[in-house]
Every structure is written in structure tokens, then in C-alpha cells.
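File shown: entry_7.txt (compact mmCIF, C-alpha atoms).
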# COMPACT_ATOMS: atom_id res chain seq x y z
CA MET A 8 206.67 -45.76 361.35
CA VAL A 9 210.38 -44.90 361.05
CA GLN A 10 211.49 -48.46 360.41
CA GLN A 11 208.85 -48.92 357.72
CA ILE A 12 209.97 -45.72 355.99
CA LEU A 13 213.63 -46.73 356.20
CA ALA A 14 212.78 -50.18 354.82
CA LYS A 15 210.97 -48.47 351.93
CA GLU A 16 207.78 -50.36 352.70
CA TYR A 17 205.95 -47.19 351.79
CA PRO A 18 207.12 -43.77 350.58
CA LEU A 19 207.23 -40.41 352.29
CA ALA A 20 205.42 -37.67 350.34
CA VAL A 21 206.32 -34.00 350.03
CA ILE A 22 203.52 -31.69 348.90
CA GLY A 23 204.82 -28.53 347.20
CA LEU A 24 208.21 -28.59 345.49
CA GLY A 25 209.37 -24.99 345.66
CA TYR A 26 212.54 -23.63 347.25
CA VAL A 27 211.56 -25.37 350.54
CA GLY A 28 209.88 -28.58 349.44
CA LEU A 29 212.29 -29.74 346.75
CA PRO A 30 215.45 -29.75 348.95
CA ILE A 31 213.53 -31.65 351.64
CA ALA A 32 212.24 -34.19 349.12
CA LEU A 33 215.67 -34.79 347.59
CA GLU A 34 217.40 -35.05 350.96
CA PHE A 35 214.95 -37.70 352.14
CA ALA A 36 215.16 -39.44 348.74
CA ARG A 37 218.83 -40.17 349.37
CA LYS A 38 217.78 -42.38 352.30
CA VAL A 39 214.17 -43.43 351.69
CA LYS A 40 211.55 -43.65 348.96
CA VAL A 41 209.84 -40.32 348.23
CA ILE A 42 206.88 -39.04 346.23
CA GLY A 43 207.36 -35.39 345.26
CA PHE A 44 204.01 -33.77 344.44
CA ASP A 45 203.35 -30.37 342.86
CA ILE A 46 200.21 -29.08 341.14
CA ASN A 47 202.30 -27.33 338.46
CA GLU A 48 202.82 -29.93 335.74
CA LYS A 49 205.47 -27.86 333.94
CA ARG A 50 207.55 -27.69 337.12
CA VAL A 51 207.11 -31.44 337.60
CA GLU A 52 208.40 -32.13 334.09
CA MET A 53 211.44 -29.94 334.75
CA MET A 54 212.23 -31.85 337.93
CA LYS A 55 211.86 -35.16 336.12
CA ASN A 56 214.70 -33.86 333.94
CA ASN A 57 216.83 -32.95 337.00
CA ILE A 58 216.10 -29.23 336.71
CA ASP A 59 215.20 -27.13 339.76
CA PRO A 60 212.62 -24.54 338.62
CA SER A 61 213.70 -22.28 341.50
CA GLY A 62 217.32 -22.30 340.31
CA GLU A 63 218.67 -23.17 343.76
CA LEU A 64 219.85 -26.73 343.09
CA SER A 65 222.07 -28.19 340.38
CA SER A 66 221.33 -31.28 338.28
CA GLU A 67 223.84 -33.21 340.40
CA ASP A 68 221.62 -32.71 343.45
CA PHE A 69 219.02 -34.99 341.84
CA LEU A 70 221.42 -37.89 341.35
CA GLY A 71 221.11 -40.99 343.52
CA CYS A 72 217.63 -40.03 344.72
CA ASP A 73 214.75 -42.51 344.97
CA ILE A 74 211.99 -40.07 344.08
CA GLN A 75 208.87 -40.04 341.95
CA PHE A 76 207.83 -36.59 340.74
CA THR A 77 204.14 -36.29 340.03
CA ALA A 78 201.17 -33.94 339.67
CA LYS A 79 198.63 -36.78 340.04
CA ILE A 80 196.81 -36.92 343.36
CA GLU A 81 196.22 -40.69 343.10
CA ASP A 82 199.99 -41.25 343.22
CA LEU A 83 199.96 -39.96 346.79
CA LYS A 84 197.81 -42.85 348.01
CA ALA A 85 200.90 -45.01 348.52
CA ALA A 86 202.38 -42.64 351.12
CA ARG A 87 201.79 -42.78 354.88
CA PHE A 88 203.85 -39.75 355.99
CA PHE A 89 203.06 -36.40 354.34
CA ILE A 90 205.11 -33.19 354.53
CA VAL A 91 203.29 -30.05 353.35
CA ALA A 92 205.66 -27.29 352.18
CA VAL A 93 203.61 -24.86 350.11
CA PRO A 94 203.87 -21.03 350.07
CA THR A 95 201.93 -18.89 352.54
CA PRO A 96 201.90 -15.40 350.95
CA ILE A 97 199.90 -12.29 351.80
CA ASP A 98 197.30 -10.59 349.62
CA SER A 99 197.21 -6.99 348.40
CA HIS A 100 195.78 -5.91 351.78
CA THR A 101 198.65 -7.61 353.71
CA GLN A 102 196.27 -10.30 354.95
CA PRO A 103 197.31 -13.98 355.08
CA ASP A 104 196.55 -15.83 351.86
CA LEU A 105 195.97 -19.43 352.94
CA LYS A 106 194.66 -20.67 349.59
CA PRO A 107 197.81 -22.68 348.71
CA LEU A 108 197.97 -24.19 352.21
CA LEU A 109 194.30 -25.09 352.39
CA GLY A 110 194.39 -26.40 348.83
CA ALA A 111 197.29 -28.70 349.72
CA THR A 112 195.37 -29.81 352.83
CA HIS A 113 192.36 -30.74 350.67
CA THR A 114 194.73 -32.78 348.47
CA VAL A 115 196.20 -34.68 351.41
CA GLY A 116 192.73 -35.21 352.89
CA GLN A 117 191.66 -37.04 349.73
CA VAL A 118 194.36 -39.70 350.19
CA LEU A 119 194.61 -39.82 354.00
CA LYS A 120 194.33 -43.27 355.62
CA LYS A 121 194.21 -44.63 359.16
CA GLY A 122 197.61 -44.42 360.80
CA ASP A 123 198.94 -41.67 358.50
CA TYR A 124 200.98 -38.67 359.61
CA VAL A 125 200.75 -35.12 358.21
CA VAL A 126 203.46 -32.57 359.04
CA TYR A 127 203.20 -28.92 357.98
CA GLU A 128 206.29 -26.84 357.21
CA SER A 129 204.61 -23.73 355.76
CA THR A 130 204.95 -20.58 357.88
CA VAL A 131 201.63 -19.76 359.55
CA TYR A 132 200.24 -17.91 362.56
CA PRO A 133 200.03 -19.87 365.81
CA GLY A 134 196.90 -22.01 365.78
CA CYS A 135 196.56 -22.31 362.01
CA THR A 136 197.47 -26.00 361.81
CA GLU A 137 194.91 -27.04 364.43
CA GLU A 138 192.19 -24.48 363.68
CA ASP A 139 192.29 -24.29 359.88
CA CYS A 140 194.01 -27.40 358.52
CA ILE A 141 192.96 -30.32 360.72
CA PRO A 142 189.19 -29.77 360.23
CA ILE A 143 189.75 -29.97 356.45
CA LEU A 144 191.74 -33.20 356.83
CA GLU A 145 188.89 -34.68 358.86
CA GLN A 146 186.23 -33.49 356.44
CA ARG A 147 187.96 -34.69 353.28
CA SER A 148 189.10 -38.04 354.67
CA GLY A 149 186.15 -38.93 356.89
CA LEU A 150 188.71 -39.86 359.55
CA LYS A 151 189.04 -38.68 363.13
CA PHE A 152 192.04 -36.59 364.22
CA GLN A 153 194.18 -38.23 366.93
CA GLN A 154 192.19 -41.44 366.73
CA ASP A 155 192.85 -42.20 363.04
CA PHE A 156 195.69 -39.89 361.98
CA LYS A 157 198.37 -37.70 363.57
CA VAL A 158 199.50 -34.16 362.74
CA GLY A 159 202.65 -32.21 363.47
CA TYR A 160 204.38 -28.97 362.58
CA SER A 161 208.06 -28.47 361.73
CA PRO A 162 208.90 -24.99 360.43
CA GLU A 163 211.19 -24.62 357.44
CA ARG A 164 214.41 -22.69 357.99
CA ILE A 165 215.92 -22.71 354.50
CA ASN A 166 217.68 -19.49 353.48
CA PRO A 167 217.61 -19.03 349.66
CA GLY A 168 221.05 -18.58 348.18
CA ASP A 169 222.82 -19.67 351.38
CA LYS A 170 225.17 -22.57 350.58
CA GLU A 171 226.47 -22.81 354.16
CA HIS A 172 223.32 -23.05 356.28
CA THR A 173 221.67 -25.85 354.33
CA LEU A 174 218.81 -28.13 355.37
CA THR A 175 220.82 -30.84 357.11
CA LYS A 176 223.02 -28.35 358.98
CA ILE A 177 220.19 -26.40 360.66
CA THR A 178 218.57 -27.60 363.89
CA LYS A 179 215.05 -28.74 363.04
CA VAL A 180 212.21 -27.70 365.33
CA VAL A 181 209.55 -30.42 365.43
CA SER A 182 206.21 -30.75 367.18
CA GLY A 183 203.35 -33.21 367.32
CA CYS A 184 199.77 -33.55 368.48
CA SER A 185 200.73 -36.10 371.15
CA PRO A 186 203.89 -37.43 372.84
CA GLU A 187 203.81 -40.49 370.58
CA SER A 188 203.46 -38.46 367.39
CA LEU A 189 206.20 -36.04 368.49
CA ASP A 190 208.57 -38.97 369.00
CA GLN A 191 207.78 -40.47 365.59
CA ILE A 192 208.02 -37.16 363.73
CA ALA A 193 211.34 -36.35 365.40
CA LYS A 194 212.76 -39.74 364.42
CA VAL A 195 211.66 -39.31 360.80
CA TYR A 196 213.45 -35.96 360.51
CA GLU A 197 216.51 -37.39 362.25
CA ILE A 198 216.95 -39.59 359.18
CA VAL A 199 218.29 -36.55 357.31
CA ILE A 200 218.97 -33.73 359.81
CA ARG A 201 222.57 -33.97 360.99
CA ALA A 202 222.33 -30.89 363.23
CA GLY A 203 219.70 -32.57 365.37
CA VAL A 204 216.06 -31.84 366.17
CA TYR A 205 214.48 -29.70 368.88
CA GLN A 206 211.19 -31.03 370.23
CA ALA A 207 208.78 -28.16 370.89
CA SER A 208 206.16 -28.64 373.57
CA SER A 209 203.21 -28.08 371.22
CA ILE A 210 202.27 -27.32 367.63
CA LYS A 211 201.42 -23.71 368.53
CA VAL A 212 204.83 -23.18 370.14
CA ALA A 213 206.56 -24.43 366.98
CA GLU A 214 204.40 -22.20 364.80
CA ALA A 215 205.14 -19.19 367.00
CA ALA A 216 208.88 -19.94 367.10
CA LYS A 217 209.07 -19.80 363.33
CA ILE A 218 207.10 -16.62 362.91
CA ILE A 219 209.08 -14.64 365.50
CA GLU A 220 212.39 -15.57 363.84
CA ASN A 221 211.56 -13.40 360.84
CA THR A 222 209.62 -10.82 362.85
CA GLN A 223 212.71 -10.23 365.00
CA ARG A 224 214.88 -9.74 361.92
CA ASP A 225 212.28 -7.45 360.36
CA LEU A 226 212.18 -5.19 363.41
CA ASN A 227 215.96 -5.02 363.70
CA ILE A 228 216.32 -4.07 360.04
CA ALA A 229 213.53 -1.50 360.45
CA LEU A 230 215.52 0.10 363.27
CA MET A 231 218.58 0.26 361.02
CA ASN A 232 216.52 1.82 358.22
CA GLU A 233 215.10 4.45 360.55
CA LEU A 234 218.57 5.20 361.88
CA SER A 235 219.88 5.56 358.31
CA MET A 236 217.25 8.23 357.61
CA ILE A 237 218.13 10.07 360.81
CA PHE A 238 221.88 9.87 360.22
CA ASP A 239 221.45 11.04 356.63
CA ARG A 240 219.99 14.28 357.96
CA MET A 241 222.95 14.53 360.32
CA LYS A 242 225.35 14.12 357.37
CA ILE A 243 227.02 11.04 358.85
CA ASN A 244 227.35 7.60 357.28
CA THR A 245 225.23 4.87 358.83
CA TYR A 246 227.75 2.11 358.13
CA GLU A 247 230.50 4.04 359.89
CA VAL A 248 228.24 4.40 362.91
CA LEU A 249 227.42 0.68 362.86
CA GLU A 250 231.09 -0.26 362.61
CA ALA A 251 231.91 1.88 365.62
CA ALA A 252 228.98 0.56 367.66
CA GLY A 253 229.81 -3.00 366.58
CA THR A 254 233.02 -2.96 368.59
CA LYS A 255 230.89 -3.67 371.68
CA TRP A 256 230.57 -7.43 372.26
CA ASN A 257 226.77 -7.50 372.56
CA PHE A 258 225.84 -5.10 369.75
CA LEU A 259 223.57 -6.84 367.22
CA LYS A 260 224.97 -6.47 363.71
CA PHE A 261 222.12 -5.63 361.35
CA SER A 262 222.26 -3.35 358.30
CA PRO A 263 219.74 -1.10 356.53
CA GLY A 264 218.28 -2.13 353.21
CA LEU A 265 215.25 -3.20 351.20
CA VAL A 266 213.26 -5.93 352.95
CA GLY A 267 211.46 -8.11 350.43
CA GLY A 268 211.16 -11.78 349.69
CA HIS A 269 208.64 -14.33 350.87
CA CYS A 270 209.74 -14.54 354.52
CA ILE A 271 210.86 -11.42 356.39
CA GLY A 272 208.59 -9.09 354.41
CA VAL A 273 205.58 -11.39 354.77
CA ASP A 274 205.65 -13.44 357.99
CA PRO A 275 205.14 -10.56 360.47
CA TYR A 276 201.75 -9.89 358.86
CA TYR A 277 200.63 -13.41 359.83
CA LEU A 278 201.45 -12.65 363.45
CA THR A 279 199.79 -9.23 363.42
CA TYR A 280 196.69 -10.74 361.76
CA LYS A 281 196.29 -13.23 364.60
CA ALA A 282 197.05 -10.58 367.23
CA LYS A 283 194.28 -8.34 365.89
CA GLU A 284 191.91 -11.30 365.85
CA LEU A 285 192.63 -11.58 369.58
CA ASP A 286 191.91 -7.84 370.07
CA TYR A 287 195.55 -6.81 370.46
CA ASP A 288 197.05 -3.99 368.42
CA PRO A 289 200.67 -4.98 367.56
CA ARG A 290 202.02 -1.45 367.20
CA VAL A 291 205.77 -2.19 367.34
CA ILE A 292 205.61 -4.92 364.68
CA LEU A 293 203.43 -2.87 362.35
CA SER A 294 205.63 0.21 362.79
CA GLY A 295 208.60 -1.85 361.67
CA ARG A 296 206.65 -3.13 358.68
CA PHE A 297 205.68 0.43 357.71
CA ILE A 298 209.29 1.59 357.76
CA ASN A 299 210.57 -1.36 355.74
CA ASP A 300 207.74 -1.21 353.21
CA SER A 301 208.48 2.48 352.57
CA MET A 302 212.22 2.15 351.95
CA GLY A 303 211.99 1.62 348.18
CA ALA A 304 210.18 4.91 347.69
CA TYR A 305 212.60 6.64 350.08
CA VAL A 306 215.64 5.50 348.05
CA ALA A 307 214.10 6.72 344.79
CA ARG A 308 213.13 10.11 346.25
CA LYS A 309 216.60 10.57 347.68
CA THR A 310 218.13 9.79 344.27
CA VAL A 311 215.81 12.31 342.59
CA GLN A 312 216.78 14.98 345.14
CA MET A 313 220.47 14.37 344.52
CA MET A 314 220.03 14.53 340.74
CA ALA A 315 218.07 17.79 341.10
CA LYS A 316 220.93 19.28 343.14
CA GLN A 317 223.23 18.48 340.22
CA GLY A 318 220.99 20.54 337.94
CA LYS A 319 219.35 17.57 336.22
CA ASP A 320 215.98 18.00 334.52
CA ILE A 321 214.22 15.19 336.37
CA SER A 322 211.50 14.59 333.77
CA LYS A 323 214.22 14.06 331.15
CA SER A 324 216.58 12.08 333.35
CA ARG A 325 217.58 8.46 332.83
CA VAL A 326 218.33 6.07 335.69
CA LEU A 327 219.85 2.60 335.62
CA VAL A 328 218.68 0.20 338.35
CA MET A 329 221.06 -2.72 338.85
CA GLY A 330 219.40 -5.75 340.38
CA ALA A 331 215.74 -6.77 340.58
CA THR A 332 215.64 -9.92 342.72
CA PHE A 333 214.74 -9.75 346.41
CA LYS A 334 218.31 -10.58 347.51
CA GLU A 335 221.77 -11.10 346.07
CA ASN A 336 222.76 -14.01 343.84
CA VAL A 337 219.30 -15.63 343.59
CA GLU A 338 216.70 -15.78 340.82
CA ASP A 339 213.75 -15.21 343.15
CA ILE A 340 211.76 -12.03 342.49
CA ARG A 341 208.87 -12.65 344.90
CA ASN A 342 207.98 -9.51 346.87
CA SER A 343 211.04 -7.70 345.53
CA LYS A 344 211.10 -4.15 346.88
CA VAL A 345 213.17 -3.04 343.90
CA ALA A 346 209.80 -2.71 342.17
CA ASP A 347 208.92 0.04 344.67
CA VAL A 348 212.10 1.91 343.75
CA ILE A 349 211.24 1.70 340.05
CA ASN A 350 207.60 2.74 340.52
CA GLU A 351 208.63 5.78 342.56
CA PHE A 352 211.07 6.85 339.84
CA LYS A 353 208.31 6.55 337.27
CA SER A 354 206.05 8.77 339.39
CA PHE A 355 208.65 11.52 338.79
CA SER A 356 208.59 10.76 335.03
CA VAL A 357 212.15 9.41 335.23
CA SER A 358 213.11 6.99 332.45
CA VAL A 359 214.27 3.73 334.07
CA ASP A 360 216.32 0.86 332.66
CA VAL A 361 216.71 -2.30 334.76
CA VAL A 362 219.39 -5.01 334.49
CA ASP A 363 219.88 -8.22 336.47
CA PRO A 364 222.09 -11.23 335.65
CA PHE A 365 219.89 -13.65 337.60
CA ALA A 366 216.24 -12.58 337.18
CA SER A 367 213.82 -13.54 334.43
CA SER A 368 212.59 -10.61 332.33
CA ASP A 369 209.31 -12.39 331.55
CA GLU A 370 208.62 -13.08 335.22
CA LEU A 371 209.34 -9.47 336.16
CA ASN A 372 207.07 -8.19 333.42
CA HIS A 373 204.29 -10.53 334.53
CA GLU A 374 204.67 -9.73 338.22
CA TYR A 375 205.58 -6.03 338.22
CA GLY A 376 205.04 -4.68 334.71
CA PHE A 377 208.65 -3.93 333.76
CA SER A 378 211.24 -5.86 331.76
CA LEU A 379 215.01 -6.18 331.84
CA GLU A 380 217.50 -4.73 329.40
CA ASP A 381 220.19 -7.09 328.16
CA GLN A 382 222.80 -4.38 328.69
CA PRO A 383 222.84 -0.75 329.90
CA LYS A 384 221.96 1.62 327.05
CA GLY A 385 223.84 4.89 326.73
CA LEU A 386 224.71 7.18 329.62
CA TYR A 387 222.64 7.68 332.78
CA ASP A 388 222.00 10.57 335.16
CA GLY A 389 221.74 8.14 338.05
CA VAL A 390 222.77 4.57 338.78
CA VAL A 391 221.19 2.62 341.66
CA VAL A 392 222.90 -0.58 342.78
CA ALA A 393 219.77 -2.10 344.32
CA VAL A 394 220.98 -5.68 344.80
CA SER A 395 224.56 -6.59 345.69
CA HIS A 396 224.95 -9.42 343.19
CA THR A 397 228.57 -10.60 343.04
CA PRO A 398 229.10 -9.26 339.47
CA TYR A 399 228.08 -5.80 340.69
CA ALA A 400 230.05 -5.96 343.93
CA ASN A 401 233.22 -6.49 341.90
CA MET A 402 232.76 -3.38 339.75
CA THR A 403 235.19 -0.46 339.92
CA GLU A 404 234.46 3.26 339.95
CA GLN A 405 235.83 3.49 336.42
CA GLU A 406 233.25 0.97 335.24
CA PHE A 407 230.47 3.02 336.81
CA GLN A 408 231.83 6.19 335.24
CA LYS A 409 231.46 4.62 331.80
CA LEU A 410 227.72 4.30 332.52
CA CYS A 411 227.27 7.86 333.74
CA GLN A 412 226.65 11.33 332.40
CA HIS A 413 228.54 14.27 333.85
CA ASP A 414 227.57 14.92 337.47
CA ALA A 415 225.64 11.65 337.67
CA VAL A 416 224.62 10.12 341.00
CA LEU A 417 225.63 6.65 342.21
CA VAL A 418 223.31 5.18 344.85
CA ASP A 419 224.60 2.13 346.69
CA ILE A 420 221.75 0.73 348.80
CA LYS A 421 223.84 -1.86 350.67
CA GLY A 422 226.94 0.32 351.09
CA ILE A 423 229.25 -2.13 349.31
CA PHE A 424 231.23 0.65 347.58
CA ARG A 425 231.72 2.86 350.62
CA ASN A 426 235.21 4.41 350.68
CA LYS A 427 235.80 3.15 347.13
CA ILE A 428 234.01 5.94 345.19
CA LYS A 429 236.05 9.14 344.98
CA GLN A 430 234.76 11.08 341.96
CA LEU A 431 231.09 10.23 341.41
CA ASN A 432 228.34 11.78 343.54
CA TYR A 433 227.86 8.87 345.96
CA TRP A 434 225.17 8.01 348.50
CA SER A 435 224.20 4.91 350.46
CA LEU A 436 221.70 4.09 353.19
Would you write out, as C-alpha cells, the structure that this file holds?
Amino acid sequence: MVQQILAKEYPLAVIGLGYVGLPIALEFARKVKVIGFDINEKRVEMMKNNIDPSGELSSEDFLGCDIQFTAKIEDLKAARFFIVAVPTPIDSHTQPDLKPLLGATHTVGQVLKKGDYVVYESTVYPGCTEEDCIPILEQRSGLKFQQDFKVGYSPERINPGDKEHTLTKITKVVSGCSPESLDQIAKVYEIVIRAGVYQASSIKVAEAAKIIENTQRDLNIALMNELSMIFDRMKINTYEVLEAAGTKWNFLKFSPGLVGGHCIGVDPYYLTYKAKELDYDPRVILSGRFINDSMGAYVARKTVQMMAKQGKDISKSRVLVMGATFKENVEDIRNSKVADVINEFKSFSVSVDVVDPFASSDELNHEYGFSLEDQPKGLYDGVVVAVSHTPYANMTEQEFQKLCQHDAVLVDIKGIFRNKIKQLNYWSL
């Protein structure tokens, strides 16, 4: 299998070319022949022109790559090794939405042949690959699992916006449905992963390992958020407390903040869904989710309270929200909790302007019902630095003062201006 791929006797296929799939496809395409498949024809055309629709990669990253971008299922028939890297979101009821994953599985099933390998990278609950995906592969292909084709799971670990911990530098967890398949899958990934691979004992173990990575982070951030609410009532600064506690060698350094995006704010719900299916009530995980999901509204209410203390007429107040993406210095707006901040302001009849140097106004309007302003307009009663984009982190107090009315409030969610603001009414988590 590996030698045939390296000899370019047949291509490796990547299904789903988002922020996970495209880097994988391009990395492999520097060493072997690759078919990059996505159902979105507009995205495919962009990639054919060396443009990353997710905005993570530059045009130079496409150079020197042996890759065919396509939206045609028949083009996948040439491949023998398939990597599925499609999104696994949640629905409005925080239940797993497997439609993209199962749709991609149907696609692969249509072109699956004897001897083929299918490896899933999408984050799922333990058991999903074997219980939900493999039956579809069998049904669509008419082939028999294990006897005719092999399946594995290798969770993605890409961190959007992180230029240091990139694909090849992160240890890759791999798993297979048999010792033979595990060996072959590991060797395929070793073609591109310089940090090495870790062979998990089973597909379920690999699935579980991925989902607890983000669940652990979610719970730790939830603790910080709860502490920030407690310390606020005590009139002490959370970041000062964390700095003091952080002098101990084994203190875990997490910070409070909005928890959005398509990983930390989503993955724990996959685990709790499966736990409930097994008649276990995951109270700790869900408590953490409740705290983190409520932080946007908490920030807005705290801002309103501070403006009211300054004598502001809340229904006539204007607030500027700076930043709308789910994290700093990325274009991605999926599951951005800044939307919760804005919606809570609007529930108080506060007029809200939003700016962001990275986000798309059209995408925000489509997803959340608000648009971006090109520039701040006039003077504001409150300014909320919601996302610590580099252009915002470099601002001075004088620059903020030019945006503010008398006795305005500056809210700094990530605490990046702590000890730098002397005159404005300042608050951070």
C-alpha cells in the first residue's frame, strides 16, 4: 500500500477541503499524488487558483503539489486510500449533526473497491466510525468490511491560526481495524508527519482520545470563567490571581474568555450525547458547557451595569464591539460567541456597531444577522474588545479615548490591556 502510494501508482484522496482537509491534502501532495474532493464547487474553483477559502494558507502553499481538485465523485474512483475530513457540528439542540460525515461516507462508498482503505479524521463520539460509518460503506459499495476493505481513525489536531503547531509537527494518533491495517495506516501518515505517529489500540480509543482533548480544555476554561465571576464580586482581578497561582510549578495556566469555534465549544456535546445514550448523566462536562455558553451574555450584562453606574441612558447608549471571529487573527466565524454578546446588548435596546479586520460582513450577516462597519462611527458609551486581534492588542489608551464619550466603559474580555488603562472605566474578566 505505502510503496504503491509513494510510487504514484494510484492517488490518495482527501474528502472535505476545509481548514483540516486542505492542509492534509497539500502536505501529502508534496510527496505523493492526491485527489482533493469537496462538494462545494465554488471552493474547488478557488483552490484550483491557489486560493484557500478558509484563509489559513497562502498561494505559495499550493506550489509544487501534485493535486487534482475536484467536485466530481467519479474522479475519486482512481484512489485506493481515502481520508475523510469533513465538519462534525452540532444542531440547535446541541445534538451531534452527522449529516456532513454520513454524506461523505456515502460518497466514498460509491467508489470503494476491494483492497481500499478509509481513514476518518472528523471528530466524533467513540463508536461512531464502526457503528455509523462502516455500515454505510458496506451498503453503498456492496463490499464486506475487513474482508474487502479496511477502516481506520486518525483524529485531526490542527489549531486554526497557529503557525507553530502545524500538521507535520504534531504527533499523529492513528488506529486501524486490524493489526495489518494499523501498520499500513501508520506508514502512510509517516510519509508526511515528522513528529511521528502514535498507534492507538483501537478505533474507539483514538476517537475518545480526540474528544477528551477539547473536553479537558473546555472544563478548565469553564473553571476560569466561574472563578472570574466570583473574583469580580470580591473586587479582585482574575488575571492577578492567576499570575500569583501560576508561580507554582504544577498550576495549569488557563484563562477566562469566550469559548466558541468548531472544536472546544462543540466536541464535548458529542461525548455527552454518547454518555446519555449509555444511561450516564455527564454532569461535570455539561456544567462546564453551561458556564462557557453563558459567558457572552454575562459580559454584555456586566457592561450594561457599568454604563448604568456612569449615568448612561441604556436604551440610548451606543456600544462598539471590536472583533467577531471565534479567536484572534483568523477569519473563521463558526460558533463565535461574540454573537451572544451582541444579542444580549440588543435585548437592552443598546445600539451596537461591530468591527473586525478579518471577518466577512456577508458571512456574519448570513450566520448571525448582523453586519460589520468599515470604521467606528462617532463616539461610544462602551467599547468591548471581544477578540484580541493583533491590531487591537497594539492600541493605546489614547486611541480608545478617541472612540469614547465622557465616562465611557472599556471592556477587555481577554485582559490584554490590564495595567495599561489609567483614565477610562476599565473592566476585564
Determine, counting only C-alpha atoms, every residue of protein, DNA or RNA that lies within 7 Å of (214.4, -10.5, 334.5) in the file coordinates, then give the result as a CSV table (one decimal) with C-alpha atoms, in the frame of the given file.
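Result file follows (part-v4.csv):
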chain,number,residue,atom,x,y,z
A,363,ASP,CA,219.9,-8.2,336.5
A,366,ALA,CA,216.2,-12.6,337.2
A,367,SER,CA,213.8,-13.5,334.4
A,368,SER,CA,212.6,-10.6,332.3
A,369,ASP,CA,209.3,-12.4,331.6
A,370,GLU,CA,208.6,-13.1,335.2
A,371,LEU,CA,209.3,-9.5,336.2
A,378,SER,CA,211.2,-5.9,331.8
A,379,LEU,CA,215.0,-6.2,331.8
Check your understanding: Excluding same-chain residues fewer than 6 positions from Thr130 (chain A), what lies within 9 Å of it counting only C-alpha atoms, as a list of chain:residue names?
Key ->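 Those residues are A:Ala92, A:Val93, A:Pro94, A:Thr95, A:Pro162, A:Glu163, A:Glu214, A:Lys217, A:Ile218, A:Cys270, A:Asp274, A:Tyr277.
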Review point. So, counting all atoms listed in the file, which residue among A:Thr310, A:Thr173, A:Ser354, A:Asn232 is closest to Ala415 (chain A)?
Key: A:Thr310
Exercise for review: Show which residues sit within 10 Å of Lys49 (chain A), as a list in words. Count all atoms listed in the file, and ignore same-chain residues fewer than 5 positions away.
Suggested key: Met54, Lys55, Pro60 and Ala78 of chain A
Point to revise | Between CA of Gly253 (chain A) and CA of Ser294 (chain A), distance in Å (one decimal) | key: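 Computing the Euclidean distance for CA of Gly253 (chain A) and CA of Ser294 (chain A) yields 24.7 Å.
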Review point. Using only C-alpha atoms, which of A:Gly303, A:Lys84, A:Pro275, A:Asp419 sits nearest Pro103 (chain A)?
Key: A:Pro275
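Closest to His172 (chain A) among A:Ala207, A:Ile298, A:Leu109, A:Ala202 is A:Ala202, based on all atoms listed in the file.
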Point to revise | Neighbour residues at most 10 Å from (195.2, -30.4, 361.0) (only C-alpha atoms) as a ChimeraX atom specification | key: /A:112,116,125-127,134-145,152-153,156-160,184
Practice item. Determine, counting only C-alpha atoms, which protein, DNA and RNA residues have an atom within 7 Å of an atom of region 30-36 of chain A; residues of the same chain fewer than 5 positions away are not included. Present the result as a ChimeraX atom specification. Key: /A:21,41,43,69,72-74,199
Practice item. Kindly give the distance, in Å, that separates CA of Lys323 (chain A) and CA of Ser356 (chain A), rounded to a single decimal. Key: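 Separation of CA of Lys323 (chain A) and CA of Ser356 (chain A): 7.6 Å.
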Check your understanding: Which polymer residues have any atom within 12 Å of an atom of Ser301 (chain A), counting all atoms listed in the file, with same-chain residues fewer than 5 positions away left out, as a list in words?
Key -> Ala229, Asn232, Glu233, Met236, Gly264, Leu265, Val266, Gly267, Gly272, Ser294, Gly295, Arg296, Val306, Ala307, Arg308, Lys344, Val345, Ala346, Asp347, Val348 and Glu351 of chain A
First collect every listed atom of region 69-83 of chain A; then fit an axis-aligned box around them, widen it by 3 Å on each side, and give centre and edge lengths in Å to one decimal, as JSON.
{"center_x": 208.8, "center_y": -38.2, "center_z": 343.2, "size_x": 31.2, "size_y": 14.6, "size_z": 13.1}
Point to revise | Counting all atoms listed in the file, the option among A:Ser235, A:Val328, A:Gly23, A:Gln146 closest to Gly422 (chain A) | key: A:Ser235
Save region 367-396 of chain A of the structure in the block above to a file, with C-alpha atoms included, as a compact mmCIF listing (two decimals), in the first residue's frame.
# COMPACT_ATOMS: atom_id res chain seq x y z
CA SER A 367 -16.54 38.74 6.34
CA SER A 368 -19.52 41.06 6.84
CA ASP A 369 -21.66 38.99 4.45
CA GLU A 370 -20.89 35.76 6.30
CA LEU A 371 -21.71 37.34 9.66
CA ASN A 372 -24.98 38.72 8.33
CA HIS A 373 -25.91 35.32 6.91
CA GLU A 374 -24.94 33.40 10.02
CA TYR A 375 -25.89 35.77 12.85
CA GLY A 376 -27.96 38.60 11.37
CA PHE A 377 -25.54 41.49 11.91
CA SER A 378 -23.03 43.20 9.63
CA LEU A 379 -19.68 44.91 10.12
CA GLU A 380 -18.96 48.62 9.96
CA ASP A 381 -15.94 49.64 7.90
CA GLN A 382 -14.86 52.01 10.66
CA PRO A 383 -16.18 53.07 14.09
CA LYS A 384 -18.82 55.79 13.73
CA GLY A 385 -18.87 58.66 16.20
CA LEU A 386 -18.39 58.30 19.94
CA TYR A 387 -19.48 55.33 22.06
CA ASP A 388 -20.71 54.86 25.63
CA GLY A 389 -18.98 51.49 25.77
CA VAL A 390 -16.25 49.68 23.87
CA VAL A 391 -15.86 45.89 24.13
CA VAL A 392 -12.62 44.35 22.88
CA ALA A 393 -14.11 40.91 22.27
CA VAL A 394 -11.29 39.35 20.23
CA SER A 395 -7.61 40.11 20.81
CA HIS A 396 -6.67 40.57 17.15
